[in-house]
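S.K.: Below is a structure I'd like to ask you about.
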Amino acid sequence: MVVTRSFQNELPPSGDTDKIWEYIKAGVDRILNNPGENLGNNAYINLYTAVYNFCTSLKNSSGSIYYTATDATQSAHGSPFGKHLYELLKQNVADYMRRVAESSQTHTGDDLLAFYNQEWTKYGDSAKITHNIFSYLNRHWIQREQDEGSNVCDVSTLMYQLWRDQFFMSIRSTLLDSVFSLMTRIRNGQVADINLVKSVADSFVSLGNDDSGGMSKRMEVYEKYFLVPFIKASVDYYREEADRLLQEGSTIDYIVRVSSRLQEEDDRVELYLHESSLKEFKDALNKVLITRQNEKFCMEFEPLLDSRDTLNLKRLYSLMARTGKGSTLDPLRDVFSAYVKKAGLEAIKQVSGSEDTGGAIAKDARLFVNAVLGVHSLFAGILHDSFEGDTGFSKSLDNACMDFINTNAMCPDGEPRAPQMLAHYCDTLLKKGSGNVRKAGAEGASDEDSLEAQLSQAICVLKYISATDVFQKFYSQHLSRRLVYEQSVSSYGEEMMISKLKENSGVDFTSRLTRMFTDMTISKEMSEEFKEKCSDGDFAIPFDFDMKVLHTVSWPLKAPDNKLLLPSQLSSVCNRFTNYYQNKHNGRKLNWMWQHSKAEIKMFFPKATGPAAKAGYIFHVSTFQLAILMLFSDESGPGTGYDSPNGPTLTLEQITQATGLSVDIVKPELEIFCKARVLISSNSKINSESKFMLNANFKSKHLRINLAVTKKVEQKREASDTMRAVDVDRMYTLQAAIVRIMKTRKQLTHRQLVQDTITMIKVFQASIGDIKKGIDTLIDKGYIERSEGSRDVYNYLA
């Protein structure tokens with residue numbers, strides 16, 4: 001080693017290159033041995049000047065007289081002393097590195113790593129100082145050589161090359177063995193200094209940093225001599241551990257252990273590997289610890305779903321997601337989708353066989369939607385908690401829900417019963433008197449918050465309904481009843497549902513629904529205006545009268561087939577309102593929807609006792625029922641015995657003639673009256689010979705009695721009518737889609753037209769048979785034609 005005391009600050013004569021080199025050499029030796037010791041400004045300047053003097057010295061032809069050139073720059077470029085100084089420095093540093101290599105032979109293991117890192121740190125400082133002292137040589141002779149294409153590097157790079165060639169290459173195998181040994185101890189849970197590995201890795205990166213190429217060239221030493229063998233050693237270590245874990249424990253134990261191991265490696269690897277190699281290292285570990293066991297993981301996935309083990313599901317997902325979130329996870333996604341579908345079908349099958357159903361649409365709807373929401377909520381929670389909301393798993397959940405919601409034990413294939421039940425479920429949420437269906441919200445939540453949460457759940461189910469047009473029709477039917485009968489639980493709830501439907505399905509979906517609310521507002525204003533006119537005039541309305549004028553286009557209500565003969569008290573008011581409306585809106589026609597009208601009638605019975613004797617009974621009835629009951633109190637009615645203590649007696653024929661209603665309508669109403677014991681029939685089973693009279697002995701615990709109950713026959717008929725309307729609308733939708741496609745494309749083959757039509761229609765699944773019917777209808781109407789010479793090609797007719 002060079003002794004520091006041998007360096008003198010006195011600068012030798014400028015013309016004597018031998019003495020100048022001895023002076024420079026002593027300074028370089030001191031820097032190499034003690035870079036941390038302060039060199040001092042004078043010594044630093046003298047060394048810099050010595051390098052300058054050496055480079056600018058010229059020798060005469062006899063070789064015995066030295067002098068300094070007048071033009072120093074030109075002399076430096078033209079003299080051989082720049083190259084000579086470069087070679088002398090190279091040889092001196094090489095000698096130093098050989099001495100360092102000899103000293104390293106006495107160290108092994110962690111001592112070798114510590115010695116290497118100590119020498120590396122010291123040498124790095126020395127390289128910086130030396131590079132600065134030789135900056136004149138860098139700027140002139142080295143720069144000129146590089147410009148001329150010579151393979152000469154600057155002083156700093158030269159020193160790192162000498163470290164690599166004279167020291168590193170001789171100990172790299174032993175050095176890496178020490179690194180592997182230290183990492184093995186750390187992985188085994190022993191305490192070791194990982195910073196030693198980081199310093200070694202950083203030195204490998206710096207050793208390739210010679211600016212002779214791009215990033216790949218600069219990282220060549222690190223990748224070839226450190227990364228590749230380090231990855232191989234790590235893979236071998238973990239392969240052995242993986243095999244041992246699978247032999248000693250279950251797959252779940254393996255998943256737990258490997259998850260922990262990989263997390264530890266992720267935390268450590270950031271501390272010692274270069275950022276460019278992190279992915280390669282992690283991919284190698286993923287391959288040996290995860291990819292090799294993919295089949296075992298897939299086999300364990302369904303049992304974890306069975307046990308609802310969200311923690312281990314998350315571990316399993318996180319492991320497999322490390323190898324890529326694309327096709328790698330597809331096997332798990334397929335299992336998840338099939339599992340959710342199976343669970344959904346089973347949940348609906350269980351409630352379909354429940355004693356609580358009994359075939360009633362209200363109970364079926366409640367049980368169906370609750371079963372769907374239970375399954376969806378369960379697996380949506382697993383999706384969020386275990387699968388981090390993965391889009392692929394989310395799509396699998398959506399596909400599974402769409403499958404089991406539309407076809408199941410309660411919704412046979414081909415029957416769009418799911419949208420019907422969902423629409424009825426929404427009706428029970430928004431209708432008065434459905435508190436048994438509306439559940440209480442979270443503690444502290446208001447009724448409005450609870451209702452909003454349940455409506456949001458209903459919209460969640462709607463997203464999976466394939467025939468949304470059927471839902472729209474039935475929801476429109478239920479909404480019209482709630483508005484007409486004033487049965488909405490709150491206007492806030494109705495508006496909130498419309499807003500959610502608009503957000504989910506678009507403005508076109510809710511445009512008619514919105515116009516219903518507009519009609520209700522206008523009708524209220526019109527009703528008040530009519531009552532004011534009557535009160536200001538000579539006509540007094542003898543009872544509370546309220547009407548709603550509804551536009552045919554917006555409301556799914558059908559005009560009655562029978563013309564009801566109203567009682568005189570009611571007909572006078574209705575005729576008055578008809579005249580008022582036609583004067584106000586010339587040219588418009590009113591169709592009275594008696595089948596959707598309601599009334600209240602107070603009746604007194606001779607033998608009533610208690611409060612009913614004075615107050616009477618108030619019956620809530622339909623207008624048809626009102627017309628029938630008033631026949632029993634009108635002295636000029638068609639019956640006999642109006643002066644009898646028990647009231648008049650009427651036959652079935654007399655009732656139908658007096659009301660103008662058909663037997664099919666009158667008979668069910670009479671059955672309701674007889675069942676409620678309001679009327680007495682002469683026969684146990686009503687027929688054409690039956691006679692009816694008021695039950696003088698009628699008694700009830702309730703003073704207000706609802707007789708306007710919806711009949712199962714009516715429900716089935718309305719459902720059937722609604723589905724027929726859906727079919728008609730679908731055919732119009734198909735025809736409109738075909739026309740739009742042909743107008744754009746002008747000419748299409750049959751197969752392409754069918755495919756484009758199916759793609760365009762979103763609100764229902766168009767069948768090929770219906771599309772063919774639509775094409776034939778449009779051909780008959782002259783919108784399209786078959787191409788001459790090819791019946792499989794259609795042309796658009798403008």
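We label chains A, B, ... in the order they appear in the structure tokens, count residues from 1 in each chain, and number ligands from 1 in the order shown.
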Which polymer residues have any atom within 9 Å of an atom of A:Leu329, counting only C-alpha atoms, with same-chain residues fewer than 3 positions away left out, as a short mmCIF file (atom, residue, chain, number, x, y, z; two decimals) with N, CA, C and O atoms, in the first residue's frame?

M.R.:
data_model
loop_
_atom_site.label_atom_id
_atom_site.label_comp_id
_atom_site.auth_asym_id
_atom_site.auth_seq_id
_atom_site.Cartn_x
_atom_site.Cartn_y
_atom_site.Cartn_z
N TYR A 317 -57.14 -15.61 -4.75
CA TYR A 317 -57.26 -14.65 -5.86
C TYR A 317 -55.98 -13.82 -6.00
O TYR A 317 -55.47 -13.63 -7.12
N MET A 320 -53.16 -15.88 -7.66
CA MET A 320 -53.29 -16.11 -9.10
C MET A 320 -53.30 -14.80 -9.88
O MET A 320 -52.89 -14.77 -11.04
N ALA A 321 -53.75 -13.72 -9.26
CA ALA A 321 -53.73 -12.42 -9.94
C ALA A 321 -52.30 -11.93 -10.15
O ALA A 321 -52.05 -11.11 -11.03
N THR A 323 -49.97 -13.53 -11.42
CA THR A 323 -49.49 -14.04 -12.70
C THR A 323 -50.22 -13.39 -13.88
O THR A 323 -50.02 -13.79 -15.02
N GLY A 324 -51.09 -12.43 -13.57
CA GLY A 324 -51.81 -11.73 -14.63
C GLY A 324 -53.30 -11.86 -14.42
O GLY A 324 -53.80 -12.93 -14.07
N LYS A 325 -54.05 -10.76 -14.62
CA LYS A 325 -55.49 -10.76 -14.38
C LYS A 325 -56.27 -11.12 -15.64
O LYS A 325 -57.49 -10.98 -15.68
N GLY A 326 -55.60 -11.58 -16.68
CA GLY A 326 -56.28 -11.94 -17.91
C GLY A 326 -56.73 -13.38 -17.91
O GLY A 326 -57.51 -13.83 -17.06
N LEU A 332 -61.01 -19.72 -12.80
CA LEU A 332 -61.70 -19.37 -11.56
C LEU A 332 -62.99 -18.61 -11.86
O LEU A 332 -64.02 -18.82 -11.20
N ARG A 333 -62.96 -17.75 -12.85
CA ARG A 333 -64.15 -16.98 -13.20
C ARG A 333 -65.26 -17.90 -13.71
O ARG A 333 -66.44 -17.70 -13.40
N ASP A 334 -64.88 -18.91 -14.48
CA ASP A 334 -65.89 -19.86 -14.98
C ASP A 334 -66.51 -20.64 -13.83
O ASP A 334 -67.73 -20.84 -13.80
N GLY A 392 -63.37 -9.00 -14.40
CA GLY A 392 -63.69 -10.30 -14.96
C GLY A 392 -64.65 -11.08 -14.07
O GLY A 392 -65.62 -11.68 -14.56
N PHE A 393 -64.41 -11.08 -12.75
CA PHE A 393 -65.32 -11.74 -11.83
C PHE A 393 -66.66 -11.02 -11.77
O PHE A 393 -67.71 -11.64 -11.60
#

S.K.: Which residues come within 7 Å of stretch 613-618 of chain A, counting only C-alpha atoms, excluding same-chain residues fewer than 5 positions away, as a PDB file with N, CA and C atoms, in the first residue's frame?

M.R.:
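Written file, selection-v7.pdb:
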ATOM      1  N   GLU A 600    -117.736   5.313  -2.412  1.00  0.00           N
ATOM      2  CA  GLU A 600    -118.111   4.935  -1.059  1.00  0.00           C
ATOM      3  C   GLU A 600    -119.605   5.169  -0.891  1.00  0.00           C
ATOM      4  N   ILE A 601    -120.277   4.176  -0.354  1.00  0.00           N
ATOM      5  CA  ILE A 601    -121.723   4.278  -0.162  1.00  0.00           C
ATOM      6  C   ILE A 601    -122.050   3.904   1.275  1.00  0.00           C
ATOM      7  N   LYS A 602    -122.908   4.726   1.892  1.00  0.00           N
ATOM      8  CA  LYS A 602    -123.320   4.451   3.269  1.00  0.00           C
ATOM      9  C   LYS A 602    -124.692   3.771   3.225  1.00  0.00           C
ATOM     10  N   MET A 603    -124.757   2.656   3.952  1.00  0.00           N
ATOM     11  CA  MET A 603    -125.999   1.881   3.964  1.00  0.00           C
ATOM     12  C   MET A 603    -126.415   1.580   5.401  1.00  0.00           C
ATOM     13  N   PHE A 604    -127.736   1.628   5.619  1.00  0.00           N
ATOM     14  CA  PHE A 604    -128.312   1.308   6.923  1.00  0.00           C
ATOM     15  C   PHE A 604    -129.109   0.010   6.806  1.00  0.00           C
ATOM     16  N   ALA A 608    -129.506  -3.567  12.414  1.00  0.00           N
ATOM     17  CA  ALA A 608    -128.163  -3.243  12.902  1.00  0.00           C
ATOM     18  C   ALA A 608    -128.238  -2.727  14.328  1.00  0.00           C
ATOM     19  N   LEU A 703    -117.071  -0.737  10.732  1.00  0.00           N
ATOM     20  CA  LEU A 703    -118.034   0.184  10.120  1.00  0.00           C
ATOM     21  C   LEU A 703    -117.649   0.515   8.680  1.00  0.00           C
ATOM     22  N   ARG A 704    -116.375   0.382   8.361  1.00  0.00           N
ATOM     23  CA  ARG A 704    -115.914   0.614   6.986  1.00  0.00           C
ATOM     24  C   ARG A 704    -115.458  -0.736   6.423  1.00  0.00           C
ATOM     25  N   ILE A 705    -116.039  -1.092   5.295  1.00  0.00           N
ATOM     26  CA  ILE A 705    -115.787  -2.414   4.709  1.00  0.00           C
ATOM     27  C   ILE A 705    -115.409  -2.248   3.243  1.00  0.00           C
TER      28      ILE A 705
END

S.K.: Would you mind writing down, as a ChimeraX atom specification, each residue of stretch 252-486 of chain A that DSSP on the backbone assigns to helix (DSSP H, G or I)?

M.R.: /A:252-272,275-289,291-306,310-321,327-352,361-386,391-406,417-430,447-462,468-484

S.K.: Ranking A:Leu753, A:Met520, A:Ala400, A:Leu262 by minimum distance to A:Gly344 and counting only C-alpha atoms, which one comes first?

M.R.: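 Closest to A:Gly344, using only C-alpha atoms: A:Ala400.
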
S.K.: When distances are computed from only C-alpha atoms, which of A:Phe404, A:Phe134, A:Tyr23, A:Tyr485 shows the smallest separation from A:Ala708?

M.R.: A:Tyr485
